[in-house]
>>> print(open('structure.tsv').read())   # TSV, C-alpha atoms
chain	number	residue	atom	x	y	z
X	1	MET	CA	0.00	0.00	0.00
X	2	SER	CA	1.24	3.51	-0.77
X	3	ASP	CA	2.32	5.94	1.92
X	4	PRO	CA	-0.50	7.88	3.61
X	5	ILE	CA	-1.17	11.44	2.49
X	6	VAL	CA	-2.00	14.19	4.97
X	7	TYR	CA	-4.03	17.06	3.53
X	8	GLY	CA	-4.17	20.41	5.26
X	9	PHE	CA	-2.35	23.70	5.64
X	10	PRO	CA	0.99	23.77	7.46
X	11	ARG	CA	0.17	25.87	10.54
X	12	SER	CA	-3.04	24.07	11.46
X	13	SER	CA	-2.88	22.81	15.04
X	14	PHE	CA	-4.97	19.75	14.14
X	15	VAL	CA	-2.89	18.95	11.06
X	16	ASN	CA	0.20	19.01	13.23
X	17	ILE	CA	-1.33	16.57	15.72
X	18	VAL	CA	-1.50	14.06	12.88
X	19	ARG	CA	1.99	14.88	11.62
X	20	LEU	CA	3.43	14.47	15.12
X	21	ILE	CA	1.84	11.04	15.57
X	22	LEU	CA	2.95	9.82	12.14
X	23	THR	CA	6.48	11.10	12.72
X	24	HIS	CA	6.70	9.62	16.22
X	25	LYS	CA	5.64	6.24	14.83
X	26	ASP	CA	8.22	6.61	12.02
X	27	VAL	CA	5.57	6.36	9.30
X	28	ALA	CA	6.59	7.75	5.93
X	29	TYR	CA	3.87	10.06	4.61
X	30	GLN	CA	3.26	12.79	2.07
X	31	PHE	CA	1.95	16.22	2.97
X	32	HIS	CA	-0.40	17.93	0.52
X	33	ASP	CA	-0.80	21.65	1.18
X	34	LEU	CA	-4.42	22.72	0.62
X	35	GLU	CA	-3.78	26.42	1.26
X	36	PRO	CA	-4.41	27.44	-2.39
X	37	VAL	CA	-7.78	25.63	-2.50
X	38	MET	CA	-9.13	25.98	1.05
X	39	GLY	CA	-12.92	26.27	0.93
X	40	LYS	CA	-12.99	25.47	-2.78
X	41	PRO	CA	-14.38	22.33	-4.47
X	42	ASP	CA	-11.08	20.42	-4.36
X	43	HIS	CA	-10.95	20.86	-0.57
X	44	LEU	CA	-14.66	20.28	0.04
X	45	ALA	CA	-14.50	17.03	-1.90
X	46	LEU	CA	-12.16	15.77	0.82
X	47	HIS	CA	-13.82	17.43	3.83
X	48	PRO	CA	-17.45	18.55	3.36
X	49	PHE	CA	-17.31	20.67	6.56
X	50	ASN	CA	-14.48	22.88	5.21
X	51	ARG	CA	-11.85	21.86	7.78
X	52	VAL	CA	-8.54	20.01	7.98
X	53	PRO	CA	-6.84	17.56	8.29
X	54	ILE	CA	-7.77	14.74	5.96
X	55	LEU	CA	-5.87	11.46	5.67
X	56	LYS	CA	-5.82	9.30	2.56
X	57	HIS	CA	-4.33	5.79	2.80
X	58	GLY	CA	-5.00	3.44	-0.07
X	59	ASP	CA	-8.75	3.37	-0.63
X	60	LEU	CA	-9.49	5.05	2.73
X	61	THR	CA	-10.13	8.77	3.02
X	62	VAL	CA	-10.96	9.94	6.54
X	63	TYR	CA	-11.36	13.31	8.23
X	64	GLU	CA	-11.64	14.40	11.89
X	65	THR	CA	-8.37	14.44	13.79
X	66	SER	CA	-9.37	11.99	16.51
X	67	ALA	CA	-10.46	9.42	13.91
X	68	ILE	CA	-7.21	9.89	11.96
X	69	ALA	CA	-5.08	9.59	15.11
X	70	ALA	CA	-6.80	6.35	16.15
X	71	TYR	CA	-6.44	4.91	12.65
X	72	VAL	CA	-2.74	5.75	12.42
X	73	ASP	CA	-2.05	4.21	15.81
X	74	ASP	CA	-3.90	1.03	14.85
X	75	ALA	CA	-2.70	0.74	11.25
X	76	PHE	CA	1.03	1.18	11.69
X	77	GLY	CA	3.69	-0.51	13.80
X	78	GLY	CA	5.81	0.82	16.61
X	79	VAL	CA	4.92	1.45	20.21
X	80	SER	CA	1.20	2.02	20.62
X	81	LEU	CA	0.07	5.46	21.73
X	82	THR	CA	-3.24	4.04	22.98
X	83	PRO	CA	-3.24	2.57	26.50
X	84	LYS	CA	-4.36	-1.03	26.89
X	85	ASP	CA	-5.89	-0.27	30.28
X	86	ILE	CA	-9.51	0.76	29.73
X	87	LYS	CA	-9.46	3.42	32.45
X	88	ALA	CA	-6.31	5.02	31.04
X	89	ARG	CA	-7.90	4.89	27.59
X	90	ALA	CA	-10.94	6.70	28.94
X	91	ARG	CA	-8.65	9.40	30.35
X	92	MET	CA	-6.91	9.69	26.99
X	93	ASN	CA	-10.21	10.14	25.19
X	94	GLN	CA	-11.26	12.69	27.80
X	95	TRP	CA	-8.16	14.73	27.00
X	96	ILE	CA	-8.80	14.48	23.27
X	97	SER	CA	-12.33	15.80	23.78
X	98	ALA	CA	-11.09	18.52	26.15
X	99	VAL	CA	-8.60	19.79	23.58
X	100	ASN	CA	-11.34	19.90	20.95
X	101	ASP	CA	-13.81	21.66	23.24
X	102	TYR	CA	-11.81	23.80	25.68
X	103	TYR	CA	-8.12	24.19	24.84
X	104	TYR	CA	-8.09	24.73	21.08
X	105	PRO	CA	-11.13	27.06	20.96
X	106	TYR	CA	-9.69	29.52	23.48
X	107	MET	CA	-5.94	29.18	22.94
X	108	ILE	CA	-6.12	29.21	19.15
X	109	TYR	CA	-9.53	30.24	17.82
X	110	HIS	CA	-9.67	33.19	20.21
X	111	VAL	CA	-6.20	34.30	21.31
X	112	THR	CA	-3.72	33.06	18.70
X	113	HIS	CA	-5.90	34.15	15.80
X	114	GLU	CA	-6.23	37.63	17.29
X	115	ARG	CA	-2.59	37.97	18.34
X	116	LEU	CA	-0.79	36.27	15.45
X	117	VAL	CA	-2.90	35.11	12.51
X	118	PHE	CA	-4.96	38.25	11.87
X	119	PRO	CA	-2.18	40.81	12.51
X	120	GLU	CA	0.06	38.94	10.04
X	121	LEU	CA	-2.60	39.70	7.43
X	122	GLY	CA	-2.96	43.35	8.44
X	123	ILE	CA	-6.22	42.73	10.35
X	124	ALA	CA	-6.47	44.43	13.74
X	125	PRO	CA	-7.07	42.17	16.76
X	126	ASP	CA	-10.35	42.24	18.64
X	127	GLU	CA	-9.44	42.75	22.29
X	128	LYS	CA	-12.88	41.60	23.45
X	129	VAL	CA	-12.24	38.18	21.93
X	130	VAL	CA	-8.91	37.88	23.74
X	131	ALA	CA	-10.32	39.09	27.05
X	132	HIS	CA	-13.18	36.59	26.88
X	133	ALA	CA	-10.78	33.69	26.35
X	134	LEU	CA	-8.06	34.32	28.92
X	135	PRO	CA	-9.92	33.11	32.05
X	136	LYS	CA	-10.91	29.96	30.16
X	137	VAL	CA	-7.32	29.36	29.06
X	138	GLU	CA	-6.19	29.78	32.66
X	139	THR	CA	-8.77	27.21	33.77
X	140	GLY	CA	-7.44	24.77	31.18
X	141	LEU	CA	-3.87	25.28	32.33
X	142	ALA	CA	-4.89	24.72	35.95
X	143	VAL	CA	-6.54	21.44	34.93
X	144	ALA	CA	-3.38	20.32	33.12
X	145	GLU	CA	-1.29	21.32	36.15
X	146	ARG	CA	-3.45	19.19	38.44
X	147	GLN	CA	-3.23	16.26	36.04
X	148	LEU	CA	0.56	16.50	35.96
X	149	ALA	CA	0.80	16.68	39.76
X	150	HIS	CA	1.39	12.91	39.62
X	151	GLY	CA	5.04	13.85	38.95
X	152	LYS	CA	5.36	11.57	35.92
X	153	ASP	CA	6.48	12.53	32.45
X	154	PHE	CA	3.24	12.55	30.49
X	155	LEU	CA	-0.44	13.34	30.92
X	156	LEU	CA	-1.47	9.77	31.67
X	157	GLY	CA	1.67	8.84	33.59
X	158	ASP	CA	4.91	7.20	32.47
X	159	GLU	CA	3.83	6.41	28.92
X	160	LEU	CA	3.40	8.84	26.04
X	161	SER	CA	-0.07	8.71	24.49
X	162	ILE	CA	-2.19	10.34	21.81
X	163	ALA	CA	-3.38	12.74	24.54
X	164	ASP	CA	0.06	14.35	24.79
X	165	PHE	CA	0.37	14.89	21.05
X	166	TYR	CA	-3.20	16.17	20.97
X	167	LEU	CA	-2.53	18.91	23.53
X	168	LEU	CA	0.91	19.95	22.29
X	169	PRO	CA	0.18	22.01	19.13
X	170	SER	CA	-2.38	24.30	20.77
X	171	THR	CA	-0.12	24.93	23.75
X	172	PHE	CA	2.83	25.61	21.41
X	173	ALA	CA	0.97	28.20	19.36
X	174	PHE	CA	-0.35	29.91	22.50
X	175	SER	CA	3.24	30.08	23.80
X	176	LEU	CA	4.07	32.44	20.92
X	177	THR	CA	1.68	35.08	22.28
X	178	ALA	CA	2.46	37.59	25.02
X	179	GLU	CA	-0.43	36.17	27.03
X	180	GLY	CA	1.01	32.67	26.86
X	181	GLN	CA	4.48	33.84	27.85
X	182	SER	CA	3.01	35.65	30.84
X	183	MET	CA	0.68	32.86	31.94
X	184	TYR	CA	2.77	29.71	31.52
X	185	PRO	CA	5.28	30.28	34.36
X	186	LYS	CA	2.40	30.05	36.85
X	187	PHE	CA	2.12	26.34	35.97
X	188	PRO	CA	5.50	24.67	36.56
X	189	ALA	CA	4.47	21.04	36.09
X	190	PHE	CA	2.82	21.97	32.80
X	191	CYS	CA	5.99	23.81	31.73
X	192	ARG	CA	8.10	20.73	32.50
X	193	TRP	CA	5.71	18.64	30.40
X	194	ARG	CA	6.03	21.13	27.53
X	195	GLU	CA	9.82	20.98	27.72
X	196	ARG	CA	9.77	17.18	27.54
X	197	MET	CA	7.39	17.25	24.60
X	198	ASP	CA	9.38	19.96	22.82
X	199	ASN	CA	12.52	17.82	23.07
X	200	LEU	CA	10.99	14.74	21.48
X	201	PRO	CA	12.57	13.94	18.10
X	202	ALA	CA	9.13	13.91	16.46
X	203	THR	CA	8.36	17.41	17.72
X	204	GLN	CA	11.65	18.79	16.48
X	205	LYS	CA	11.28	17.14	13.07
X	206	VAL	CA	7.77	18.46	12.50
X	207	ARG	CA	8.54	22.00	13.67
X	208	ALA	CA	11.61	22.11	11.45
X	209	VAL	CA	9.48	21.74	8.32
X	210	VAL	CA	6.56	24.00	9.27
X	211	GLN	CA	7.20	27.49	7.93
X	212	ARG	CA	5.46	30.26	9.84
X	213	VAL	CA	4.17	32.18	6.83
X	214	PRO	CA	0.86	34.11	6.91
X	215	ILE	CA	-2.25	31.95	6.53
X	216	GLU	CA	-3.76	33.69	3.52
X	217	HIS	CA	-7.12	31.95	3.57
X	218	ALA	CA	-7.58	33.17	7.17
X	219	ARG	CA	-8.67	36.55	5.78
X	220	GLU	CA	-12.05	34.94	5.27
X	221	TRP	CA	-12.19	33.83	8.93
X	222	ALA	CA	-12.40	37.45	10.07
X	223	THR	CA	-15.93	37.64	8.68
X	224	SER	CA	-17.10	34.02	8.50
X	225	HIS	CA	-16.54	32.66	12.02
X	226	ARG	CA	-14.68	35.15	14.20
X	227	PRO	CA	-16.16	35.20	17.71
X	228	LYS	CA	-18.20	38.28	18.62
X	229	TYR	CA	-18.61	39.63	22.15
>>> encode(input="structure.tsv", output="structure tokens")
Amino acid sequence: MSDPIVYGFPRSSFVNIVRLILTHKDVAYQFHDLEPVMGKPDHLALHPFNRVPILKHGDLTVYETSAIAAYVDDAFGGVSLTPKDIKARARMNQWISAVNDYYYPYMIYHVTHERLVFPELGIAPDEKVVAHALPKVETGLAVAERQLAHGKDFLLGDELSIADFYLLPSTFAFSLTAEGQSMYPKFPAFCRWRERMDNLPATQKVRAVVQRVPIEHAREWATSHRPKY
């Protein structure tokens, strides 16, 4: 079977979850940049809800990051990133859902878009959007800090899991904002977790190939789905 293909745009947090997992598992893959066709028929034929990433592997085409992550972990060799213990697996899935519902929306959709993505395109930030998100981001960081109070290396304990790779890209992008740089030192266990994750070979390989160029199709976000408060 041919190598899997990841479709998306390079700076997408969810695309980079998939790239991190593939890289950690030493799976050769191709990356297809959809930036020129985002929201157009070529993109919508792969993802009818106008999002990324999409994975194609042989005759399978699948979207939604959690579904892709589970497939990659099942379909390819190497150390599993899914715990065998059913309680640990429940915790992992809880973290995946929490990133989707609480971490990404406020760290990225609210703050990082307003502080980095829109200004790079000459669009002024909306301070109300940032202000609304910051208490929610702080709640999320406090939850991560409590989880990591076990003193072990990763979210679920001694073993790396999909949960760690799921949380990493959102927390990385937020670290590039002034708010992230001010807030993170309040959470030392979380900062130690970030340092361990940042030093993983997979993390370094993926970040080395992701160019931080403006996200041109994000101009449309400013009118289509920017939060309003």
>>> closest_residue(input="structure.tsv", among="X:Leu155, X:Ala178, X:Ala98, X:Val62", to="X:His47", atoms="all atoms listed in the file")
X:Val62
>>> residues_around(input="structure.tsv", residues="X:Thr171", least_positions_apart="3", cutoff="9 Å", atoms="only C-alpha atoms", output="PDB file with C-alpha atoms, in the coordinates of the input")
ATOM      1  CA  TYR X 103      -8.120  24.190  24.840  1.00  0.00           C
ATOM      2  CA  TYR X 104      -8.090  24.730  21.080  1.00  0.00           C
ATOM      3  CA  MET X 107      -5.940  29.180  22.940  1.00  0.00           C
ATOM      4  CA  ILE X 108      -6.120  29.210  19.150  1.00  0.00           C
ATOM      5  CA  LEU X 167      -2.530  18.910  23.530  1.00  0.00           C
ATOM      6  CA  LEU X 168       0.910  19.950  22.290  1.00  0.00           C
ATOM      7  CA  PHE X 174      -0.350  29.910  22.500  1.00  0.00           C
ATOM      8  CA  SER X 175       3.240  30.080  23.800  1.00  0.00           C
ATOM      9  CA  GLY X 180       1.010  32.670  26.860  1.00  0.00           C
ATOM     10  CA  ARG X 194       6.030  21.130  27.530  1.00  0.00           C
TER      11      ARG X 194
END
>>> residues_near_point(input="structure.tsv", point="(-2.3, 1.9, 14.9)", cutoff="12 Å", atoms="only C-alpha atoms", output="list of chain:residue names")
X:Ile21, X:Leu22, X:His24, X:Lys25, X:Asp26, X:Val27, X:Ala67, X:Ile68, X:Ala69, X:Ala70, X:Tyr71, X:Val72, X:Asp73, X:Asp74, X:Ala75, X:Phe76, X:Gly77, X:Gly78, X:Val79, X:Ser80, X:Leu81, X:Thr82, X:Pro83, X:Ser161, X:Ile162
>>> write_last_selection(input="structure.tsv", atoms="C-alpha atoms", output="JSON list (two decimals), in the coordinates of the input")
[["chain", "number", "residue", "atom", "x", "y", "z"],
["X", 21, "ILE", "CA", 1.84, 11.04, 15.57],
["X", 22, "LEU", "CA", 2.95, 9.82, 12.14],
["X", 24, "HIS", "CA", 6.70, 9.62, 16.22],
["X", 25, "LYS", "CA", 5.64, 6.24, 14.83],
["X", 26, "ASP", "CA", 8.22, 6.61, 12.02],
["X", 27, "VAL", "CA", 5.57, 6.36, 9.30],
["X", 67, "ALA", "CA", -10.46, 9.42, 13.91],
["X", 68, "ILE", "CA", -7.21, 9.89, 11.96],
["X", 69, "ALA", "CA", -5.08, 9.59, 15.11],
["X", 70, "ALA", "CA", -6.80, 6.35, 16.15],
["X", 71, "TYR", "CA", -6.44, 4.91, 12.65],
["X", 72, "VAL", "CA", -2.74, 5.75, 12.42],
["X", 73, "ASP", "CA", -2.05, 4.21, 15.81],
["X", 74, "ASP", "CA", -3.90, 1.03, 14.85],
["X", 75, "ALA", "CA", -2.70, 0.74, 11.25],
["X", 76, "PHE", "CA", 1.03, 1.18, 11.69],
["X", 77, "GLY", "CA", 3.69, -0.51, 13.80],
["X", 78, "GLY", "CA", 5.81, 0.82, 16.61],
["X", 79, "VAL", "CA", 4.92, 1.45, 20.21],
["X", 80, "SER", "CA", 1.20, 2.02, 20.62],
["X", 81, "LEU", "CA", 0.07, 5.46, 21.73],
["X", 82, "THR", "CA", -3.24, 4.04, 22.98],
["X", 83, "PRO", "CA", -3.24, 2.57, 26.50],
["X", 161, "SER", "CA", -0.07, 8.71, 24.49],
["X", 162, "ILE", "CA", -2.19, 10.34, 21.81]]
>>> atom_distance(input="structure.tsv", atom1="atom CA of X:Gln94", atom2="atom CA of X:Tyr166")
11.1 Å
>>> residues_around(input="structure.tsv", residues="stretch 127-136 of chain X", least_positions_apart="6", cutoff="9 Å", atoms="all atoms listed in the file", output="VMD selection string")
chain X and resid 102 to 103 105 to 107 110 to 112 114 to 115 179 226 to 229
>>> decode(input="structure.tsv", residues="stretch 119-134 of chain X", atoms="N, CA, C and O atoms", output="short mmCIF file (atom, residue, chain, number, x, y, z; two decimals), in the first residue's frame")
data_model
loop_
_atom_site.label_atom_id
_atom_site.label_comp_id
_atom_site.auth_asym_id
_atom_site.auth_seq_id
_atom_site.Cartn_x
_atom_site.Cartn_y
_atom_site.Cartn_z
N PRO X 119 -3.16 39.74 12.71
CA PRO X 119 -2.18 40.81 12.51
C PRO X 119 -1.19 40.53 11.37
O PRO X 119 -0.77 41.47 10.68
N GLU X 120 -0.83 39.27 11.16
CA GLU X 120 0.06 38.94 10.04
C GLU X 120 -0.56 39.27 8.69
O GLU X 120 0.14 39.43 7.69
N LEU X 121 -1.88 39.37 8.67
CA LEU X 121 -2.60 39.70 7.43
C LEU X 121 -3.04 41.16 7.41
O LEU X 121 -3.79 41.57 6.52
N GLY X 122 -2.59 41.94 8.38
CA GLY X 122 -2.96 43.35 8.44
C GLY X 122 -4.34 43.60 9.02
O GLY X 122 -4.90 44.69 8.85
N ILE X 123 -4.89 42.61 9.74
CA ILE X 123 -6.22 42.73 10.35
C ILE X 123 -6.04 43.00 11.83
O ILE X 123 -5.35 42.25 12.53
N ALA X 124 -6.64 44.06 12.34
CA ALA X 124 -6.47 44.43 13.74
C ALA X 124 -7.10 43.40 14.66
O ALA X 124 -8.16 42.84 14.35
N PRO X 125 -6.47 43.13 15.80
CA PRO X 125 -7.07 42.17 16.76
C PRO X 125 -8.29 42.75 17.43
O PRO X 125 -8.44 43.96 17.57
N ASP X 126 -9.17 41.87 17.86
CA ASP X 126 -10.35 42.24 18.64
C ASP X 126 -10.06 41.92 20.10
O ASP X 126 -10.01 40.76 20.50
N GLU X 127 -9.84 42.95 20.90
CA GLU X 127 -9.44 42.75 22.29
C GLU X 127 -10.54 42.09 23.12
O GLU X 127 -10.26 41.40 24.10
N LYS X 128 -11.79 42.26 22.73
CA LYS X 128 -12.88 41.60 23.45
C LYS X 128 -12.79 40.09 23.32
O LYS X 128 -13.10 39.36 24.26
N VAL X 129 -12.38 39.62 22.15
CA VAL X 129 -12.24 38.18 21.93
C VAL X 129 -11.14 37.62 22.83
O VAL X 129 -11.31 36.58 23.48
N VAL X 130 -10.02 38.32 22.89
CA VAL X 130 -8.91 37.88 23.74
C VAL X 130 -9.33 37.89 25.21
O VAL X 130 -9.10 36.93 25.94
N ALA X 131 -9.94 38.97 25.64
CA ALA X 131 -10.32 39.09 27.05
C ALA X 131 -11.31 38.00 27.47
O ALA X 131 -11.23 37.48 28.58
N HIS X 132 -12.22 37.65 26.57
CA HIS X 132 -13.18 36.59 26.88
C HIS X 132 -12.47 35.25 27.10
O HIS X 132 -12.88 34.45 27.96
N ALA X 133 -11.42 35.00 26.34
CA ALA X 133 -10.78 33.69 26.35
C ALA X 133 -9.83 33.47 27.52
O ALA X 133 -9.67 32.34 27.98
N LEU X 134 -9.16 34.52 27.99
CA LEU X 134 -8.06 34.32 28.92
C LEU X 134 -8.44 33.59 30.21
O LEU X 134 -7.71 32.69 30.65
#
